[in-house]
>>> print(open('target11.pdb').read())   # PDB, C-alpha atoms and all ligand atoms
ATOM      1  CA  MET A   1     -17.980   9.108   1.291
ATOM      2  CA  TYR A   2     -16.596   9.066  -2.211
ATOM      3  CA  VAL A   3     -18.548  11.312  -4.553
ATOM      4  CA  ARG A   4     -19.456  10.934  -8.189
ATOM      5  CA  MET A   5     -17.215  12.182 -10.966
ATOM      6  CA  THR A   6     -19.042  14.915 -12.835
ATOM      7  CA  LEU A   7     -19.052  14.505 -16.593
ATOM      8  CA  ASN A   8     -17.896  17.586 -18.451
ATOM      9  CA  TYR A   9     -20.054  16.651 -21.462
ATOM     10  CA  ASP A  10     -23.732  15.819 -21.924
ATOM     11  CA  PHE A  11     -25.045  12.294 -22.330
ATOM     12  CA  ALA A  12     -26.222  13.263 -25.820
ATOM     13  CA  SER A  13     -22.917  14.731 -26.918
ATOM     14  CA  LEU A  14     -21.315  11.420 -27.883
ATOM     15  CA  GLU A  15     -24.062  10.691 -30.424
ATOM     16  CA  PRO A  16     -24.089   8.937 -32.827
ATOM     17  CA  PHE A  17     -21.216   6.798 -31.516
ATOM     18  CA  ILE A  18     -22.666   6.289 -28.043
ATOM     19  CA  ASP A  19     -26.414   6.867 -27.852
ATOM     20  CA  THR A  20     -27.953   9.099 -25.194
ATOM     21  CA  HIS A  21     -29.992   6.322 -23.591
ATOM     22  CA  THR A  22     -26.930   4.080 -23.166
ATOM     23  CA  MET A  23     -24.891   6.922 -21.673
ATOM     24  CA  GLY A  24     -27.651   7.823 -19.209
ATOM     25  CA  LEU A  25     -28.104   4.245 -18.043
ATOM     26  CA  HIS A  26     -24.372   3.652 -17.941
ATOM     27  CA  TYR A  27     -23.672   6.676 -15.773
ATOM     28  CA  ASN A  28     -26.772   6.766 -13.561
ATOM     29  CA  LYS A  29     -27.410   3.061 -13.048
ATOM     30  CA  HIS A  30     -24.162   1.185 -13.579
ATOM     31  CA  TYR A  31     -21.457   3.639 -12.485
ATOM     32  CA  LEU A  32     -23.460   5.157  -9.630
ATOM     33  CA  GLY A  33     -24.462   1.646  -8.564
ATOM     34  CA  TYR A  34     -20.813   0.677  -8.086
ATOM     35  CA  LEU A  35     -20.175   3.908  -6.192
ATOM     36  CA  LYS A  36     -23.135   3.356  -3.875
ATOM     37  CA  ASN A  37     -22.169  -0.269  -3.202
ATOM     38  CA  LEU A  38     -18.581   0.758  -2.489
ATOM     39  CA  ASN A  39     -19.600   3.501  -0.058
ATOM     40  CA  ASN A  40     -21.968   1.108   1.749
ATOM     41  CA  LEU A  41     -19.251  -1.536   2.109
ATOM     42  CA  LEU A  42     -16.733   1.030   3.343
ATOM     43  CA  ALA A  43     -19.206   2.436   5.866
ATOM     44  CA  LYS A  44     -19.804  -1.092   7.148
ATOM     45  CA  ASN A  45     -16.023  -1.379   7.680
ATOM     46  CA  ASN A  46     -15.840   2.003   9.493
ATOM     47  CA  TYR A  47     -13.467   3.337   6.860
ATOM     48  CA  ASN A  48     -12.466   6.980   7.396
ATOM     49  CA  TYR A  49     -11.857   7.950   3.747
ATOM     50  CA  GLU A  50      -8.204   8.778   4.331
ATOM     51  CA  TYR A  51      -7.104   7.744   0.821
ATOM     52  CA  SER A  52      -7.992   8.749  -2.699
ATOM     53  CA  LEU A  53      -9.918   6.112  -4.646
ATOM     54  CA  LYS A  54      -6.760   5.163  -6.542
ATOM     55  CA  ASP A  55      -4.671   4.863  -3.392
ATOM     56  CA  LEU A  56      -7.350   2.769  -1.713
ATOM     57  CA  VAL A  57      -6.333  -0.058  -4.085
ATOM     58  CA  TYR A  58      -3.065  -0.316  -2.149
ATOM     59  CA  HIS A  59      -4.728  -0.384   1.285
ATOM     60  CA  LEU A  60      -7.222  -3.194   0.966
ATOM     61  CA  ASP A  61      -5.733  -4.826   4.051
ATOM     62  CA  LEU A  62      -7.863  -2.380   6.075
ATOM     63  CA  PHE A  63     -11.010  -4.379   5.416
ATOM     64  CA  ASP A  64     -12.797  -7.445   6.690
ATOM     65  CA  LYS A  65     -11.746 -10.448   4.608
ATOM     66  CA  ASN A  66     -15.391 -11.351   4.056
ATOM     67  CA  ASP A  67     -16.012  -8.020   2.329
ATOM     68  CA  LEU A  68     -12.801  -7.903   0.346
ATOM     69  CA  GLU A  69     -14.002  -9.391  -2.942
ATOM     70  CA  ASN A  70     -17.042  -7.113  -2.977
ATOM     71  CA  ILE A  71     -14.928  -4.075  -2.144
ATOM     72  CA  LYS A  72     -12.435  -4.903  -4.905
ATOM     73  CA  PHE A  73     -15.226  -5.449  -7.425
ATOM     74  CA  ASN A  74     -17.013  -2.187  -6.672
ATOM     75  CA  LEU A  75     -13.829  -0.146  -6.301
ATOM     76  CA  GLY A  76     -12.710  -1.443  -9.697
ATOM     77  CA  GLY A  77     -16.160  -0.612 -11.048
ATOM     78  CA  VAL A  78     -15.833   2.993  -9.929
ATOM     79  CA  LEU A  79     -12.220   3.468 -11.069
ATOM     80  CA  ASN A  80     -12.728   1.778 -14.439
ATOM     81  CA  HIS A  81     -15.839   3.807 -15.237
ATOM     82  CA  GLU A  82     -14.207   7.077 -14.211
ATOM     83  CA  LEU A  83     -11.317   6.316 -16.541
ATOM     84  CA  TYR A  84     -13.776   5.466 -19.321
ATOM     85  CA  TRP A  85     -15.582   8.824 -18.875
ATOM     86  CA  ASN A  86     -12.178  10.493 -19.070
ATOM     87  CA  SER A  87     -11.105   8.503 -22.142
ATOM     88  CA  VAL A  88     -13.864   9.865 -24.371
ATOM     89  CA  SER A  89     -15.314  13.277 -25.185
ATOM     90  CA  PRO A  90     -17.104  15.108 -27.968
ATOM     91  CA  LYS A  91     -14.120  17.455 -28.418
ATOM     92  CA  LYS A  92     -12.672  15.650 -31.431
ATOM     93  CA  ASN A  93      -9.299  15.197 -29.737
ATOM     94  CA  ASN A  94      -9.227  11.809 -31.419
ATOM     95  CA  VAL A  95      -5.699  11.832 -32.802
ATOM     96  CA  PRO A  96      -2.717  11.157 -30.494
ATOM     97  CA  VAL A  97      -0.824  14.270 -29.438
ATOM     98  CA  LYS A  98       2.409  15.217 -27.683
ATOM     99  CA  ALA A  99       4.179  12.618 -25.517
ATOM    100  CA  ILE A 100       1.532   9.913 -25.922
ATOM    101  CA  LYS A 101       1.831  10.231 -29.711
ATOM    102  CA  VAL A 102       5.578   9.662 -29.474
ATOM    103  CA  ALA A 103       5.119   6.705 -27.121
ATOM    104  CA  ILE A 104       2.435   5.074 -29.295
ATOM    105  CA  GLU A 105       4.510   5.432 -32.462
ATOM    106  CA  LYS A 106       7.617   4.120 -30.719
ATOM    107  CA  LYS A 107       5.856   1.052 -29.349
ATOM    108  CA  TYR A 108       3.391   0.319 -32.183
ATOM    109  CA  GLN A 109       5.155   1.872 -35.217
ATOM    110  CA  SER A 110       2.047   3.805 -36.283
ATOM    111  CA  TYR A 111      -1.304   4.941 -34.918
ATOM    112  CA  ASP A 112      -3.070   2.671 -37.419
ATOM    113  CA  ASN A 113      -1.160  -0.319 -36.096
ATOM    114  CA  PHE A 114      -1.946   0.723 -32.503
ATOM    115  CA  LYS A 115      -5.660   0.773 -33.385
ATOM    116  CA  THR A 116      -5.360  -2.657 -35.006
ATOM    117  CA  VAL A 117      -3.676  -4.164 -31.939
ATOM    118  CA  PHE A 118      -6.140  -2.457 -29.567
ATOM    119  CA  THR A 119      -9.093  -3.740 -31.631
ATOM    120  CA  GLU A 120      -7.724  -7.291 -31.834
ATOM    121  CA  THR A 121      -7.072  -7.309 -28.088
ATOM    122  CA  ALA A 122     -10.597  -6.054 -27.364
ATOM    123  CA  MET A 123     -12.133  -8.625 -29.731
ATOM    124  CA  SER A 124     -10.226 -11.405 -27.957
ATOM    125  CA  LEU A 125     -11.790 -10.587 -24.585
ATOM    126  CA  LYS A 126     -14.122 -13.341 -23.377
ATOM    127  CA  GLY A 127     -17.120 -12.169 -21.387
ATOM    128  CA  SER A 128     -17.273  -8.832 -19.572
ATOM    129  CA  GLY A 129     -14.254  -6.622 -19.032
ATOM    130  CA  TYR A 130     -12.185  -3.757 -20.354
ATOM    131  CA  THR A 131      -9.392  -3.077 -22.801
ATOM    132  CA  PHE A 132      -6.813  -0.667 -21.397
ATOM    133  CA  LEU A 133      -3.759   1.228 -22.452
ATOM    134  CA  VAL A 134      -1.557   1.071 -19.366
ATOM    135  CA  LEU A 135       1.716   2.562 -18.203
ATOM    136  CA  LYS A 136       4.023  -0.103 -16.799
ATOM    137  CA  ALA A 137       6.432   0.388 -13.911
ATOM    138  CA  ASN A 138       9.322   0.575 -16.408
ATOM    139  CA  ASN A 139       7.589   3.464 -18.274
ATOM    140  CA  ASP A 140       6.627   1.233 -21.192
ATOM    141  CA  ILE A 141       3.039   1.365 -22.483
ATOM    142  CA  GLU A 142       0.984  -1.736 -23.179
ATOM    143  CA  ILE A 143      -2.517  -2.754 -24.282
ATOM    144  CA  VAL A 144      -4.127  -5.219 -21.854
ATOM    145  CA  ASN A 145      -7.517  -6.729 -21.121
ATOM    146  CA  THR A 146      -8.964  -7.257 -17.679
ATOM    147  CA  THR A 147     -12.112  -9.186 -16.844
ATOM    148  CA  ASN A 148     -15.104  -8.174 -14.748
ATOM    149  CA  GLN A 149     -14.085  -5.056 -12.765
ATOM    150  CA  HIS A 150     -10.417  -5.831 -12.247
ATOM    151  CA  THR A 151      -8.395  -2.613 -12.416
ATOM    152  CA  PRO A 152      -4.767  -2.475 -13.665
ATOM    153  CA  TYR A 153      -3.855  -0.556 -10.493
ATOM    154  CA  MET A 154      -4.106  -3.937  -8.765
ATOM    155  CA  ASP A 155      -1.301  -5.199 -11.052
ATOM    156  CA  ASN A 156       0.870  -2.135 -10.326
ATOM    157  CA  ASP A 157       0.120  -0.711 -13.766
ATOM    158  CA  ILE A 158      -1.338   2.766 -14.257
ATOM    159  CA  PRO A 159      -4.286   2.761 -16.633
ATOM    160  CA  LEU A 160      -4.281   5.679 -19.084
ATOM    161  CA  MET A 161      -7.240   4.893 -21.322
ATOM    162  CA  THR A 162      -9.991   2.328 -21.344
ATOM    163  CA  MET A 163     -12.806   0.999 -23.451
ATOM    164  CA  ASP A 164     -15.659  -0.569 -21.498
ATOM    165  CA  MET A 165     -16.382  -3.950 -23.097
ATOM    166  CA  TRP A 166     -19.320  -4.891 -20.880
ATOM    167  CA  GLU A 167     -22.437  -5.330 -22.995
ATOM    168  CA  HIS A 168     -24.145  -2.511 -21.065
ATOM    169  CA  ALA A 169     -21.684  -0.106 -22.742
ATOM    170  CA  TYR A 170     -22.881  -0.793 -26.288
ATOM    171  CA  TYR A 171     -25.614  -3.411 -26.640
ATOM    172  CA  ILE A 172     -28.645  -1.090 -26.975
ATOM    173  CA  ASN A 173     -27.153   0.589 -30.018
ATOM    174  CA  TYR A 174     -24.800  -2.011 -31.452
ATOM    175  CA  GLU A 175     -26.419  -5.296 -30.309
ATOM    176  CA  ASN A 176     -23.854  -8.036 -31.050
ATOM    177  CA  ASN A 177     -21.761  -5.852 -33.356
ATOM    178  CA  LYS A 178     -18.864  -5.427 -30.978
ATOM    179  CA  LYS A 179     -16.397  -4.603 -33.751
ATOM    180  CA  GLU A 180     -18.371  -1.538 -34.856
ATOM    181  CA  TYR A 181     -18.521  -0.248 -31.260
ATOM    182  CA  ILE A 182     -14.738  -0.617 -31.024
ATOM    183  CA  GLU A 183     -14.132   1.133 -34.349
ATOM    184  CA  ASN A 184     -16.412   3.998 -33.352
ATOM    185  CA  PHE A 185     -14.718   4.325 -29.973
ATOM    186  CA  PHE A 186     -11.725   5.740 -31.854
ATOM    187  CA  ASP A 187     -13.895   8.635 -33.075
ATOM    188  CA  ILE A 188     -14.601   9.820 -29.521
ATOM    189  CA  VAL A 189     -11.299   9.063 -27.790
ATOM    190  CA  ASP A 190      -9.797  12.146 -26.136
ATOM    191  CA  TYR A 191      -6.017  12.008 -26.464
ATOM    192  CA  GLU A 192      -5.537  15.322 -24.671
ATOM    193  CA  ASN A 193      -6.909  13.642 -21.521
ATOM    194  CA  ILE A 194      -4.940  10.464 -22.137
ATOM    195  CA  ASN A 195      -1.746  12.408 -22.752
ATOM    196  CA  ARG A 196      -2.285  14.374 -19.527
ATOM    197  CA  LEU A 197      -2.466  11.140 -17.528
ATOM    198  CA  TYR A 198       0.576   9.780 -19.354
ATOM    199  CA  GLU A 199       2.687  12.862 -18.680
ATOM    200  CA  GLU A 200       1.636  13.134 -15.015
ATOM    201  CA  ASN A 201       2.355   9.504 -14.244
ATOM    202  CA  LYS A 202       5.453   9.081 -16.363
ATOM    203  CA  LYS A 203       6.995  12.011 -14.545
ATOM    204  CA  ARG A 204       6.232  10.430 -11.196
ATOM    205  CA  ILE A 205       7.887   7.147 -12.131
ATOM    206  CA  ALA A 206      10.901   8.552 -13.997
TER     207      ALA A 206
HETATM  208 FE    FE B 301     -19.679  -0.020 -17.748
END
>>> encode(input="target11.pdb", output="structure tokens")
Amino acid sequence: MYVRMTLNYDFASLEPFIDTHTMGLHYNKHYLGYLKNLNNLLAKNNYNYEYSLKDLVYHLDLFDKNDLENIKFNLGGVLNHELYWNSVSPKKNNVPVKAIKVAIEKKYQSYDNFKTVFTETAMSLKGSGYTFLVLKANNDIEIVNTTNQHTPYMDNDIPLMTMDMWEHAYYINYENNKKEYIENFFDIVDYENINRLYEENKKRIA
């Protein structure tokens, strides 16, 4: 079975931007719920765990059509949350570095403008979903929204960074103040992690 991603920071360490209670619920109830549902569905389909979670996206033809929507939903739920845990940290790596800095400034002129576009895109999302920075097949980067648990891997994009825009990610602390949650997200973003994903995947495509 697929196993949980271990966080390399404590639930409390993202305070005051993400409160401890929200982080605990988010990880233990929401994320682990998707993982448990996914493993149960895969067991029901006699899956032998031959692929990584990311590669499983490209092998959904293995499964019973009746289970497909549920498998896609829960697989997206696991992948999207794992990327979210990787996108933030208490390390104060919250300024773009190295290759991702160059790419952001090339595409968006400045980091301030990137944050503006990312915030506007997130604010335009209707209902539950995520705002992503993705790497396209042509090596371009782009900010996109997806709804529910849809993962950009299913669109042949590689997600590099994500902000969870489901209410469970922020509502306890921020209530309906979505904009403040988004602004504070930029205080805990970890661009070392995001740059690592960018460099690994850009290399593979180039
Ligand atoms: Fe979530």
>>> residues_around(input="target11.pdb", residues="stretch 144-156 of chain A", least_positions_apart="4", cutoff="6 Å", atoms="all atoms listed in the file", output="VMD selection string")
chain A and resid 73 76 to 77 128 to 132
>>> residues_near_ligand(input="target11.pdb", ligand="ligand FE 301 (chain B)", cutoff="7 Å", atoms="only C-alpha atoms and all ligand atoms", output="list in words")
His26, His30, Tyr31, His81, Asp164, Trp166, His168 and Ala169 of chain A
>>> residues_around(input="target11.pdb", residues="A:Val189", least_positions_apart="4", cutoff="7 Å", atoms="only C-alpha atoms", output="count of residues only")
6
>>> resolve_selection(input="target11.pdb", expression="the PyMOL selection byres (((chain A and resi 97) around 12) and not hetatm)", output="list in words")
Asn93, Asn94, Val95, Pro96, Lys98, Ala99, Ile100, Lys101, Val102, Ala103, Ile104, Glu105, Tyr111, Val189, Asp190, Tyr191, Glu192, Asn193, Ile194, Asn195, Arg196, Tyr198 and Glu199 of chain A
>>> axis_aligned_box(input="target11.pdb", around="stretch 141-150 of chain A", padding_each_side="4 Å", output="AutoDock Vina command-line options")
--center_x -6.0 --center_y -3.9 --center_z -18.3 --size_x 26.1 --size_y 18.6 --size_z 20.0
>>> closest_residue(input="target11.pdb", among="A:Leu56, A:Leu133, A:Ile158, A:Leu25", to="A:Ile71", atoms="all atoms listed in the file")
A:Leu56
>>> residues_near_point(input="target11.pdb", point="(8.4, 2.5, -17.5)", cutoff="12 Å", atoms="all atoms listed in the file", output="list in words")
Ala103, Val134, Leu135, Lys136, Ala137, Asn138, Asn139, Asp140, Ile141, Glu142, Asn156, Asp157, Ile158, Tyr198, Glu199, Asn201, Lys202, Lys203, Arg204, Ile205 and Ala206 of chain A
>>> resolve_selection(input="target11.pdb", expression="the PyMOL selection byres (((chain A and resi 2-9) around 9) and not hetatm)", output="number ranges by chain")
A: 1, 10-14, 31-32, 35-36, 38-39, 49, 52-53, 78, 82, 85-86, 89-90
>>> residues_around(input="target11.pdb", residues="A:Asn46", least_positions_apart="6", cutoff="10 Å", atoms="only C-alpha atoms", output="list in words")
Asn40, Leu62 and Phe63 of chain A
>>> closest_residue(input="target11.pdb", among="A:Lys178, A:Lys29, A:Lys44, A:Lys54", to="A:Pro159", atoms="only C-alpha atoms")
A:Lys54
>>> atom_distance(input="target11.pdb", atom1="atom CA of A:Met165", atom2="atom CA of A:Ala43")
29.8 Å
>>> atom_distance(input="target11.pdb", atom1="atom CA of A:Thr121", atom2="atom CA of A:Ile182")
10.6 Å
>>> atom_distance(input="target11.pdb", atom1="atom CA of A:Thr162", atom2="atom CA of A:Asp55")
18.9 Å
>>> residues_around(input="target11.pdb", residues="A:Asn173", least_positions_apart="3", cutoff="9 Å", atoms="only C-alpha atoms", output="list in words")
Phe17, Ile18, Asp19, Thr22, Tyr170 and Tyr181 of chain A
>>> residues_near_point(input="target11.pdb", point="(-14.2, 12.6, -33.2)", cutoff="6 Å", atoms="all atoms listed in the file", output="number ranges by chain")
A: 92, 94, 187-188
